[in-house]
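Asks: Provided below: coords.cif, containing mmCIF, C-alpha atoms.
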```cif
data_input
loop_
_atom_site.label_atom_id
_atom_site.label_comp_id
_atom_site.auth_asym_id
_atom_site.auth_seq_id
_atom_site.Cartn_x
_atom_site.Cartn_y
_atom_site.Cartn_z
CA MET S 278 -263.03 -63.59 209.90
CA LYS S 279 -266.08 -65.44 211.25
CA ASN S 280 -268.60 -63.34 209.39
CA TYR S 281 -268.45 -61.36 206.17
CA LYS S 282 -270.98 -59.49 204.09
CA GLY S 283 -269.87 -58.79 200.57
CA GLN S 284 -271.46 -57.63 197.35
CA SER S 285 -271.81 -61.04 195.78
CA LEU S 286 -271.62 -63.38 198.75
CA SER S 287 -271.64 -63.46 202.52
CA TRP S 288 -270.67 -66.00 205.11
CA GLU S 289 -271.26 -66.66 208.76
CA LEU S 290 -270.23 -69.32 211.23
CA ARG S 291 -272.98 -70.64 213.46
CA ASP S 292 -273.15 -73.81 215.53
CA GLY S 293 -270.08 -75.23 213.82
CA VAL S 294 -271.48 -74.70 210.34
CA VAL S 295 -270.08 -72.19 207.86
CA GLU S 296 -272.93 -70.90 205.72
CA VAL S 297 -271.98 -69.19 202.47
CA ALA S 298 -274.83 -67.30 200.82
CA LEU S 299 -274.60 -66.18 197.19
CA HIS S 300 -276.59 -63.02 196.47
CA ARG S 301 -275.51 -61.28 193.31
CA GLU S 302 -278.38 -60.40 190.96
CA PRO S 303 -279.61 -61.59 188.56
CA CYS S 304 -278.52 -65.18 189.24
CA ASN S 305 -275.11 -65.17 190.95
CA GLU S 306 -273.13 -65.02 187.72
CA ILE S 307 -269.45 -65.60 188.50
CA GLY S 308 -267.34 -62.69 187.29
CA SER S 309 -264.33 -60.93 188.71
CA LEU S 310 -266.15 -59.57 191.77
CA THR S 311 -267.55 -62.96 192.79
CA LEU S 312 -264.17 -64.55 192.16
CA GLU S 313 -262.47 -61.99 194.42
CA GLU S 314 -264.96 -62.69 197.18
CA LEU S 315 -264.62 -66.46 196.74
CA GLU S 316 -260.86 -66.01 197.07
CA ARG S 317 -261.43 -63.98 200.20
CA PHE S 318 -263.60 -66.78 201.53
CA VAL S 319 -261.09 -69.58 200.88
CA GLY S 320 -258.46 -67.33 202.49
CA ALA S 321 -260.63 -67.16 205.62
CA LEU S 322 -261.50 -70.85 205.54
CA GLN S 323 -258.38 -72.04 207.35
CA ASP S 324 -259.43 -70.00 210.35
CA LEU S 325 -263.11 -70.98 210.08
CA GLU S 326 -262.23 -74.68 209.90
CA LYS S 327 -260.97 -74.63 213.48
CA ASP S 328 -264.50 -74.11 214.78
CA ALA S 329 -266.53 -75.86 212.11
CA HIS S 330 -267.44 -79.34 210.96
CA ALA S 331 -269.60 -78.48 207.94
CA LEU S 332 -270.06 -75.91 205.22
CA ILE S 333 -273.28 -75.07 203.40
CA LEU S 334 -273.27 -73.21 200.11
CA HIS S 335 -276.59 -71.73 199.00
CA SER S 336 -278.21 -68.82 197.19
CA THR S 337 -280.63 -66.27 198.61
CA LEU S 338 -281.91 -65.34 195.14
CA LYS S 339 -285.26 -66.62 193.87
CA SER S 340 -283.87 -67.21 190.37
CA GLY S 341 -281.61 -70.03 191.44
CA PHE S 342 -278.32 -71.20 192.84
CA CYS S 343 -276.02 -69.84 190.13
CA ALA S 344 -276.27 -69.35 186.36
CA GLY S 345 -272.53 -69.82 185.84
CA ALA S 346 -269.83 -67.56 184.50
CA ASP S 347 -270.61 -63.89 183.92
CA LEU S 348 -270.71 -64.03 180.13
CA ARG S 349 -271.47 -60.34 179.76
CA GLU S 350 -268.35 -59.38 181.67
CA LEU S 351 -266.32 -61.95 179.74
CA TYR S 352 -267.55 -60.58 176.41
CA GLN S 353 -267.00 -56.94 177.37
CA ARG S 354 -263.48 -57.59 178.63
CA THR S 355 -262.47 -59.57 175.56
CA GLN S 356 -263.75 -56.73 173.35
CA GLU S 357 -261.42 -54.31 175.12
CA MET S 358 -258.23 -56.23 174.32
CA ASP S 359 -256.54 -58.10 171.49
CA GLN S 360 -256.99 -61.83 171.16
CA ALA S 361 -253.67 -62.80 172.75
CA ASP S 362 -254.32 -60.66 175.83
CA ALA S 363 -257.90 -61.91 176.04
CA ALA S 364 -256.69 -65.52 175.99
CA LYS S 365 -254.13 -64.75 178.72
CA GLY S 366 -256.81 -63.08 180.80
CA VAL S 367 -259.12 -66.06 180.45
CA ARG S 368 -256.37 -68.49 181.49
CA HIS S 369 -255.54 -66.33 184.51
CA PHE S 370 -259.22 -66.24 185.53
CA LEU S 371 -259.55 -70.00 185.14
CA GLU S 372 -256.41 -70.70 187.15
CA ARG S 373 -257.73 -68.50 189.95
CA ILE S 374 -261.19 -70.09 190.01
CA HIS S 375 -259.63 -73.57 189.89
CA ARG S 376 -257.56 -72.74 192.96
CA VAL S 377 -260.75 -71.72 194.76
CA MET S 378 -262.62 -74.81 193.62
CA ASN S 379 -259.76 -77.12 194.61
CA VAL S 380 -259.60 -75.64 198.12
CA LEU S 381 -263.36 -76.07 198.54
CA ASP S 382 -263.21 -79.59 197.12
CA ALA S 383 -260.50 -80.62 199.60
CA ALA S 384 -261.77 -78.63 202.59
CA PRO S 385 -261.53 -80.64 205.83
CA LEU S 386 -265.23 -80.10 206.44
CA THR S 387 -268.23 -81.90 205.07
CA THR S 388 -269.54 -79.56 202.41
CA ILE S 389 -273.13 -79.33 201.23
CA ALA S 390 -274.55 -77.44 198.25
CA ALA S 391 -278.19 -76.54 198.88
CA VAL S 392 -279.42 -75.72 195.39
CA HIS S 393 -282.61 -74.50 193.79
CA GLY S 394 -283.62 -73.18 190.37
CA VAL S 395 -280.91 -72.55 187.82
CA THR S 396 -277.72 -74.47 188.59
CA PHE S 397 -275.97 -74.04 185.27
CA GLY S 398 -272.41 -74.08 183.99
CA GLY S 399 -270.09 -72.58 186.60
CA GLY S 400 -272.90 -72.80 189.15
CA PHE S 401 -273.18 -76.52 188.53
CA GLU S 402 -269.39 -76.75 188.84
CA LEU S 403 -269.53 -74.92 192.17
CA ALA S 404 -272.10 -77.42 193.45
CA LEU S 405 -269.94 -80.29 192.22
CA VAL S 406 -267.04 -79.39 194.52
CA CYS S 407 -269.32 -80.07 197.48
CA ASP S 408 -269.53 -83.48 199.14
CA LEU S 409 -273.32 -83.55 199.06
CA ILE S 410 -275.88 -81.82 196.87
CA ILE S 411 -279.32 -81.26 198.36
CA ALA S 412 -281.70 -80.07 195.68
CA ASP S 413 -285.00 -78.26 195.79
CA LYS S 414 -287.39 -80.13 193.46
CA MET S 415 -287.33 -77.08 191.14
CA ALA S 416 -283.55 -77.16 190.64
CA ARG S 417 -282.19 -77.64 187.09
CA PHE S 418 -278.67 -78.69 186.18
CA CYS S 419 -277.02 -77.99 182.85
CA PHE S 420 -273.71 -77.59 181.07
CA PRO S 421 -274.65 -75.20 178.24
CA GLU S 422 -271.04 -74.37 177.27
CA LEU S 423 -271.05 -76.22 173.94
CA ARG S 424 -273.65 -73.72 172.73
CA LEU S 425 -270.88 -71.13 173.00
CA GLY S 426 -268.25 -73.28 171.34
CA LEU S 427 -266.62 -74.07 174.69
CA ILE S 428 -266.41 -76.78 177.31
CA PRO S 429 -267.07 -76.18 181.00
CA GLY S 430 -264.02 -74.43 182.43
CA PHE S 431 -264.39 -74.39 186.21
CA GLY S 432 -263.58 -78.08 186.73
CA GLY S 433 -266.95 -79.50 185.75
CA ILE S 434 -266.07 -82.42 183.51
CA PRO S 435 -263.37 -84.03 185.69
CA ARG S 436 -265.54 -83.68 188.79
CA LEU S 437 -268.67 -84.96 187.07
CA LYS S 438 -266.64 -87.87 185.71
CA ARG S 439 -265.40 -88.57 189.21
CA ASP S 440 -268.94 -88.78 190.53
CA LEU S 441 -271.04 -90.23 187.69
CA GLY S 442 -270.98 -92.72 184.87
CA ASN S 443 -269.39 -91.48 181.68
CA GLY S 444 -272.65 -91.93 179.73
CA VAL S 445 -274.43 -89.38 181.89
CA VAL S 446 -271.50 -87.00 181.59
CA ARG S 447 -271.60 -87.27 177.80
CA ASP S 448 -275.37 -86.71 177.77
CA LEU S 449 -275.07 -83.50 179.81
CA LEU S 450 -272.02 -82.24 178.00
CA LEU S 451 -272.73 -83.16 174.38
CA THR S 452 -276.47 -82.40 174.24
CA GLY S 453 -276.31 -79.32 176.48
CA ARG S 454 -279.70 -80.31 177.87
CA SER S 455 -280.73 -79.63 181.43
CA PHE S 456 -281.79 -82.18 184.05
CA ASN S 457 -284.34 -81.60 186.76
CA ALA S 458 -283.59 -82.58 190.36
CA THR S 459 -285.40 -85.91 190.15
CA LYS S 460 -283.33 -86.96 187.15
CA ALA S 461 -280.20 -85.68 188.87
CA GLN S 462 -280.95 -87.87 191.86
CA GLN S 463 -281.66 -90.88 189.63
CA VAL S 464 -278.22 -90.63 188.06
CA GLY S 465 -276.50 -90.22 191.43
CA LEU S 466 -275.67 -86.54 191.37
CA VAL S 467 -278.04 -85.37 194.09
CA SER S 468 -278.30 -86.98 197.50
CA GLN S 469 -281.69 -85.59 198.50
CA VAL S 470 -284.53 -83.95 196.60
CA VAL S 471 -286.73 -81.79 198.81
CA GLY S 472 -289.81 -79.59 198.47
CA GLU S 473 -289.76 -76.05 197.15
CA GLY S 474 -287.88 -73.68 199.42
CA LYS S 475 -286.72 -76.48 201.73
CA ALA S 476 -283.15 -77.15 200.56
CA LEU S 477 -281.39 -74.89 203.08
CA ARG S 478 -283.44 -76.21 205.99
CA VAL S 479 -282.63 -79.81 205.04
CA ALA S 480 -278.97 -78.91 204.53
CA ARG S 481 -278.88 -77.47 208.06
CA ALA S 482 -280.48 -80.62 209.47
CA THR S 483 -277.91 -82.72 207.59
CA ALA S 484 -275.08 -80.56 208.92
CA ALA S 485 -276.40 -81.06 212.47
CA GLN S 486 -276.26 -84.84 211.94
CA LEU S 487 -272.64 -84.61 210.74
CA LYS S 488 -271.63 -82.99 214.00
CA LYS S 489 -272.16 -86.33 215.76
CA PHE S 490 -269.19 -87.93 214.02
CA ASP S 491 -265.52 -87.70 214.92
CA ARG S 492 -264.10 -85.03 212.66
CA ARG S 493 -260.77 -86.73 211.97
CA THR S 494 -262.63 -89.84 210.84
CA ALA S 495 -264.90 -87.80 208.59
CA ILE S 496 -261.87 -86.10 207.01
CA ALA S 497 -260.11 -89.44 206.46
CA ALA S 498 -263.24 -90.87 204.85
CA LYS S 499 -263.58 -87.86 202.59
CA GLN S 500 -259.95 -87.95 201.47
CA PHE S 501 -260.28 -91.66 200.71
CA ILE S 502 -263.52 -91.42 198.74
CA LYS S 503 -263.08 -88.06 196.99
CA PRO S 504 -259.72 -87.74 195.26
CA ILE S 505 -259.18 -84.51 193.34
CA PRO S 506 -258.40 -85.12 189.65
CA TYR S 507 -255.68 -82.46 189.39
CA GLU S 508 -254.23 -83.69 186.09
CA GLU S 509 -257.59 -83.66 184.31
CA LEU S 510 -258.46 -80.30 185.83
CA GLN S 511 -255.30 -78.81 184.34
CA ARG S 512 -256.07 -80.43 181.00
CA GLU S 513 -259.53 -78.89 181.10
CA ILE S 514 -258.02 -75.41 181.45
CA ASP S 515 -255.74 -76.09 178.47
CA ILE S 516 -258.58 -77.32 176.25
CA PHE S 517 -260.82 -74.42 177.27
CA CYS S 518 -258.09 -71.92 176.40
CA GLU S 519 -257.42 -73.59 173.04
CA LEU S 520 -261.12 -73.42 172.18
CA PHE S 521 -261.50 -69.87 173.46
CA THR S 522 -259.54 -68.43 170.52
CA GLN S 523 -261.92 -69.97 167.96
CA PRO S 524 -264.17 -67.47 166.12
CA ALA S 525 -267.26 -69.47 167.11
CA VAL S 526 -266.77 -68.43 170.73
CA GLU S 527 -266.84 -64.71 170.09
CA ALA S 528 -269.89 -65.18 167.89
CA GLY S 529 -271.61 -67.28 170.58
CA LEU S 530 -270.84 -64.77 173.32
CA LYS S 531 -271.99 -61.88 171.15
CA LYS S 532 -275.24 -63.66 170.40
CA PHE S 533 -275.85 -64.31 174.09
CA VAL S 534 -274.96 -60.81 175.26
CA GLU S 535 -276.80 -58.93 172.54
CA SER S 536 -279.86 -61.15 172.55
CA THR S 537 -283.13 -59.32 172.95
CA ASN S 538 -284.83 -62.67 172.78
CA ALA S 539 -286.45 -63.78 176.03
CA GLN S 540 -284.66 -67.10 175.79
CA PRO S 541 -280.90 -66.64 176.36
CA TYR S 542 -280.88 -69.52 178.82
CA LEU S 543 -282.74 -71.80 176.44
CA PRO S 544 -281.17 -73.59 173.46
CA MET P 246 -299.14 -95.91 179.25
CA ASP P 247 -300.55 -92.42 179.70
CA MET P 248 -304.14 -92.16 178.48
CA ARG P 249 -304.32 -88.40 178.06
CA ASN P 250 -305.27 -87.11 174.62
CA SER P 251 -303.83 -83.94 173.06
CA ASP P 252 -306.74 -81.75 174.18
CA GLN P 253 -306.39 -82.88 177.78
CA THR P 254 -302.64 -82.29 177.70
CA LEU P 255 -303.16 -78.80 176.31
CA GLU P 256 -305.80 -77.99 178.89
CA GLU P 257 -303.58 -79.15 181.74
CA ILE P 258 -300.71 -77.01 180.47
CA LEU P 259 -302.94 -73.94 180.27
CA ASN P 260 -304.25 -74.56 183.78
CA LEU P 261 -300.78 -75.09 185.19
CA ALA P 262 -299.41 -71.95 183.50
CA ALA P 263 -302.36 -69.85 184.72
CA THR P 264 -301.93 -71.03 188.28
CA GLN P 265 -298.18 -70.75 188.39
CA PHE P 266 -297.90 -67.32 186.82
CA LYS P 267 -301.11 -65.96 188.33
CA VAL P 268 -302.83 -65.18 185.04
CA PRO P 269 -306.62 -65.68 184.76
CA ARG P 270 -307.15 -68.97 182.94
CA GLU P 271 -309.69 -67.39 180.54
CA LYS P 272 -306.98 -65.04 179.27
CA LEU P 273 -304.88 -67.90 177.94
CA THR P 274 -305.54 -69.45 174.55
CA PRO P 275 -303.70 -72.36 172.87
CA ASP P 276 -301.97 -70.21 170.26
CA ASP P 277 -300.72 -67.54 172.64
CA ASP P 278 -297.01 -66.82 172.77
CA PHE P 279 -296.47 -67.87 176.37
CA PHE P 280 -293.44 -65.62 176.83
CA LYS P 281 -295.63 -62.63 176.06
CA THR P 282 -298.91 -63.74 177.60
CA LEU P 283 -297.33 -64.90 180.84
CA GLY P 284 -294.74 -62.12 180.78
CA ILE P 285 -291.91 -64.55 181.51
CA ASP P 286 -288.20 -64.58 180.72
CA SER P 287 -285.97 -67.55 179.99
CA LEU P 288 -285.32 -68.33 183.66
CA GLN P 289 -289.05 -68.45 184.35
CA ALA P 290 -289.52 -70.57 181.23
CA LEU P 291 -287.14 -73.10 182.78
CA ASP P 292 -289.29 -73.04 185.90
CA LEU P 293 -292.32 -73.80 183.73
CA LEU P 294 -290.42 -76.60 181.99
CA THR P 295 -289.57 -78.20 185.34
CA ARG P 296 -293.17 -77.95 186.53
CA LEU P 297 -294.38 -79.56 183.31
CA GLU P 298 -291.89 -82.40 183.71
CA HIS P 299 -293.12 -83.04 187.22
CA HIS P 300 -296.79 -82.74 186.28
CA PHE P 301 -296.61 -85.09 183.29
CA ASN P 302 -293.83 -87.25 184.73
CA VAL P 303 -291.73 -86.96 181.55
CA GLU P 304 -288.33 -85.62 180.61
CA LEU P 305 -288.45 -82.65 178.26
CA PRO P 306 -284.98 -82.04 176.84
CA ASP P 307 -284.49 -78.34 176.22
CA TYR P 308 -283.57 -78.88 172.58
CA GLU P 309 -287.01 -80.30 171.83
CA LEU P 310 -288.46 -76.98 172.91
CA GLN P 311 -286.19 -74.91 170.68
CA GLY P 312 -288.26 -72.21 169.05
CA VAL P 313 -291.45 -73.33 170.78
CA SER P 314 -293.36 -70.39 172.19
CA ASP P 315 -297.05 -71.27 171.95
CA PHE P 316 -299.04 -73.59 174.20
CA ARG P 317 -300.38 -75.76 171.38
CA THR P 318 -296.95 -76.68 170.02
CA LEU P 319 -295.68 -77.21 173.55
CA ALA P 320 -298.58 -79.60 174.19
CA GLY P 321 -297.72 -81.50 171.01
CA ARG P 322 -294.10 -81.96 172.14
CA ILE P 323 -295.22 -83.21 175.53
CA GLN P 324 -297.90 -85.47 174.06
CA ALA P 325 -295.26 -87.11 171.86
CA ARG P 326 -293.43 -88.22 175.02
CA LEU P 327 -296.40 -89.51 177.03
#
```
Would you write out, as C-alpha cells, the structure that this file holds?

Replies:
Amino acid sequence: MKNYKGQSLSWELRDGVVEVALHREPCNEIGSLTLEELERFVGALQDLEKDAHALILHSTLKSGFCAGADLRELYQRTQEMDQADAAKGVRHFLERIHRVMNVLDAAPLTTIAAVHGVTFGGGFELALVCDLIIADKMARFCFPELRLGLIPGFGGIPRLKRDLGNGVVRDLLLTGRSFNATKAQQVGLVSQVVGEGKALRVARATAAQLKKFDRRTAIAAKQFIKPIPYEELQREIDIFCELFTQPAVEAGLKKFVESTNAQPYLP
Amino acid sequence: MDMRNSDQTLEEILNLAATQFKVPREKLTPDDDFFKTLGIDSLQALDLLTRLEHHFNVELPDYELQGVSDFRTLAGRIQARL
C-alpha cells in the first residue's frame, strides 16, 4: 500500500521518500488506535522499501510531534480490569509497540524524525528510533515518566543510552526535566535545529541528498553504526511491568487524568 | 555576565508574552496569573518556556517553575539564572 489515510496517521510515498504524518488530536498520544495504525504501517513497509531510500516521520498538529502514551486510555482500561489483567494488558501493549519500534529502528532506509513542539515520553522514543532528528527550534524533549512512578517503556532508555552519554541520559530520566532543541543539539541528540515551521522542509531536503548515495552502502553503514540493543529493550519492558503494579502508578495516572489544573504537562 | 536587572527582565517577559499570545501589553501586570490572563494551557506554557529560554539564552528546568503562575515570580526565577 503506497498511500494510506488513517485516523491517527497517514503515509504516502513520493520521490522515493515515505512520509508518515501523525495527526491525532490533541498531540498524537499513542494509544491502541495509533498502535494499530503503526502496526499497519510497519506491515506495509516491506513493500514501500522497494521504491524508497528514506522515511520521514512528522506531525501535522500545531501542538507538537507527539506527547507520548495515551495516559487517559491507559488509566481507563486499567480501571476496567483487575490488577493482574491490567499488568498483562500493559505487557502485551509494550511488546507490540517494541516490535513496531524495532522494525522502524532497523528499517533499510535512512529515517528522519522532523519534530516540533512537544516531543515527550513515547513521542521522544518514536523520534529516537530514527537515524536523524531534525528539530524545529520550538521542539522540547522530555521523559516525564518518573512523575508517574514509571520509566519510559517504548525503548527510550536503551536507545538514548546508545546515542548519548550516560550523564545526559540520567539528567533527562532522573530529573524529568525537558530540553529545548538547542540543548538537544548540544548533547548530540539532534542533527539540525531549524526555524519555526521548517523541520519538514529541511527533512525533505535532507532526504533528497540521501538519494545520491548507493542504497546498499547506506544500509551497511547504518547496520554498522546503529546496533539495536535488544537485550536492554527486553529488560526495559520487564522493569516497566514490575513498576506498573506499584500503587504510586495508579495514583499518578489518576492525578494526571483527573487534573483540572492547566498544567498536566508541567511538573 | 548578563547586565539586566529584575525590572528589565520582568518587562521583557511581559512584552514577549503579549506579543506571542496576542494580548495587549497594557492588559498584563506583573502579578497576573499568566495561565488565566493569557488563556493558555500546559502545552502553550511549554511554548512560552522555550521562547523565554531562547530570549534570555538560559536553561529553565521545568522543576524550577513548579507552582509558578505569575509573571513576577517567573521573572525572579529567570533573573536567578542570568

Asks: Can you check which residues of chain S have any atom within 12 Å of chain P? Use only C-alpha atoms and format it as a VMD selection string.

Replies: chain S and resid 303 to 304 339 to 344 393 to 397 413 to 421 424 448 to 449 451 to 461 473 536 to 544

Asks: Take the PyMOL selection byres ((chain P and resi 249) around 12), run it mentally on this structure, and tell me the resulting residues as a VMD selection string.

Replies: chain P and resid 246 to 248 250 to 257 301 320 to 321 323 to 327

Asks: For the residues in the current selection, export C-alpha atoms as a PDB file, in the coordinates of the input.

Replies:
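New file part32.pdb:
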```
ATOM      1  CA  MET P 246    -299.140 -95.910 179.250  1.00  0.00           C
ATOM      2  CA  ASP P 247    -300.550 -92.420 179.700  1.00  0.00           C
ATOM      3  CA  MET P 248    -304.140 -92.160 178.480  1.00  0.00           C
ATOM      4  CA  ASN P 250    -305.270 -87.110 174.620  1.00  0.00           C
ATOM      5  CA  SER P 251    -303.830 -83.940 173.060  1.00  0.00           C
ATOM      6  CA  ASP P 252    -306.740 -81.750 174.180  1.00  0.00           C
ATOM      7  CA  GLN P 253    -306.390 -82.880 177.780  1.00  0.00           C
ATOM      8  CA  THR P 254    -302.640 -82.290 177.700  1.00  0.00           C
ATOM      9  CA  LEU P 255    -303.160 -78.800 176.310  1.00  0.00           C
ATOM     10  CA  GLU P 256    -305.800 -77.990 178.890  1.00  0.00           C
ATOM     11  CA  GLU P 257    -303.580 -79.150 181.740  1.00  0.00           C
ATOM     12  CA  PHE P 301    -296.610 -85.090 183.290  1.00  0.00           C
ATOM     13  CA  ALA P 320    -298.580 -79.600 174.190  1.00  0.00           C
ATOM     14  CA  GLY P 321    -297.720 -81.500 171.010  1.00  0.00           C
ATOM     15  CA  ILE P 323    -295.220 -83.210 175.530  1.00  0.00           C
ATOM     16  CA  GLN P 324    -297.900 -85.470 174.060  1.00  0.00           C
ATOM     17  CA  ALA P 325    -295.260 -87.110 171.860  1.00  0.00           C
ATOM     18  CA  ARG P 326    -293.430 -88.220 175.020  1.00  0.00           C
ATOM     19  CA  LEU P 327    -296.400 -89.510 177.030  1.00  0.00           C
TER      20      LEU P 327
END
```

Asks: Just how far from CA of Arg439 (chain S) is CA of Gly398 (chain S), in Å to one decimal?

Replies: 16.9 Å

Asks: Can you tell me how far CA of Arg354 (chain S) sits from CA of Gly529 (chain S), in Å to one decimal?

Replies: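 Computed distance, CA of Arg354 (chain S) to CA of Gly529 (chain S), equals 15.0 Å.
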
Asks: Specify as a ChimeraX atom specification each residue included when the PyMOL selection byres ((chain P and resi 275) around 9) is applied to this file.

Replies: /P:255-256,259,273-274,276-278,315-318,320

Asks: Work out how far apart CA of Gly444 (chain S) and CA of Ile411 (chain S) are and give it in Å to one decimal.

Replies: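 About the pair CA of Gly444 (chain S) and CA of Ile411 (chain S): they are 22.5 Å apart.
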
Asks: Residues within 7 Å of (-256.0, -67.3, 175.9), file coordinates, counting all atoms listed in the file: what are they? Give the list as a VMD selection string.

Replies: chain S and resid 361 to 368 518 521 to 522

Asks: Do you know which residues are at most 7 Å from region 477-480 of chain S counting all atoms listed in the file, after dropping those on the same chain fewer than 6 positions away, and could you put them as a list in words?

Replies: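 Residues meeting the cut-off are Ile333, Ile389, Ala391 and Ile411 of chain S.
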
Asks: Neighbouring residues of His375 (chain S) were defined as those with any atom within 12 Å, considering only C-alpha atoms; residues of the same chain fewer than 3 positions away were excluded. Please report them as a PyMOL selection string.

Replies: chain S and resi 312+315-316+319+368-372+378-382+399+402-403+406+429-433+435-436+505-507+509-514

Asks: Of the candidates S:Gln462, S:Ile428, S:Ile410, S:Arg481, which one gets nearest to Val295 (chain S) if we count all atoms listed in the file?

Replies: S:Arg481

Asks: With all atoms listed in the file as the counted atoms, please give the residues lying no more than 7 Å from Ser336 (chain S), apart from itself and same-chain residues fewer than 6 positions off, as a ChimeraX atom specification.

Replies: /S:298-300,342

Asks: Since the input is missing atoms, can you rebuild N, CA and C atoms for region 391-404 of chain S and write them as a compact mmCIF listing (two decimals), keeping the file's coordinate frame?

Replies:
```txt
# COMPACT_ATOMS: atom_id res chain seq x y z
N ALA S 391 -276.72 -76.53 198.81
CA ALA S 391 -278.19 -76.54 198.88
C ALA S 391 -278.66 -75.73 197.68
N VAL S 392 -279.16 -76.41 196.66
CA VAL S 392 -279.42 -75.72 195.39
C VAL S 392 -280.91 -75.67 195.07
N HIS S 393 -281.25 -74.62 194.31
CA HIS S 393 -282.61 -74.50 193.79
C HIS S 393 -282.53 -73.78 192.44
N GLY S 394 -283.57 -73.91 191.64
CA GLY S 394 -283.62 -73.18 190.37
C GLY S 394 -282.43 -73.46 189.48
N VAL S 395 -281.99 -72.41 188.81
CA VAL S 395 -280.91 -72.55 187.82
C VAL S 395 -279.58 -72.89 188.50
N THR S 396 -279.04 -74.03 188.11
CA THR S 396 -277.72 -74.47 188.59
C THR S 396 -276.96 -74.87 187.33
N PHE S 397 -276.50 -73.84 186.62
CA PHE S 397 -275.97 -74.04 185.27
C PHE S 397 -274.47 -73.73 185.21
N GLY S 398 -273.80 -74.41 184.31
CA GLY S 398 -272.41 -74.08 183.99
C GLY S 398 -271.55 -73.98 185.24
N GLY S 399 -270.96 -72.79 185.44
CA GLY S 399 -270.09 -72.58 186.60
C GLY S 399 -270.81 -72.77 187.92
N GLY S 400 -272.12 -72.56 187.93
CA GLY S 400 -272.90 -72.80 189.15
C GLY S 400 -273.00 -74.29 189.45
N PHE S 401 -273.17 -75.06 188.41
CA PHE S 401 -273.18 -76.52 188.53
C PHE S 401 -271.80 -76.98 189.02
N GLU S 402 -270.76 -76.37 188.46
CA GLU S 402 -269.39 -76.75 188.84
C GLU S 402 -269.11 -76.40 190.30
N LEU S 403 -269.68 -75.30 190.76
CA LEU S 403 -269.53 -74.92 192.17
C LEU S 403 -270.22 -75.94 193.07
N ALA S 404 -271.40 -76.39 192.66
CA ALA S 404 -272.10 -77.42 193.45
C ALA S 404 -271.31 -78.73 193.46
```
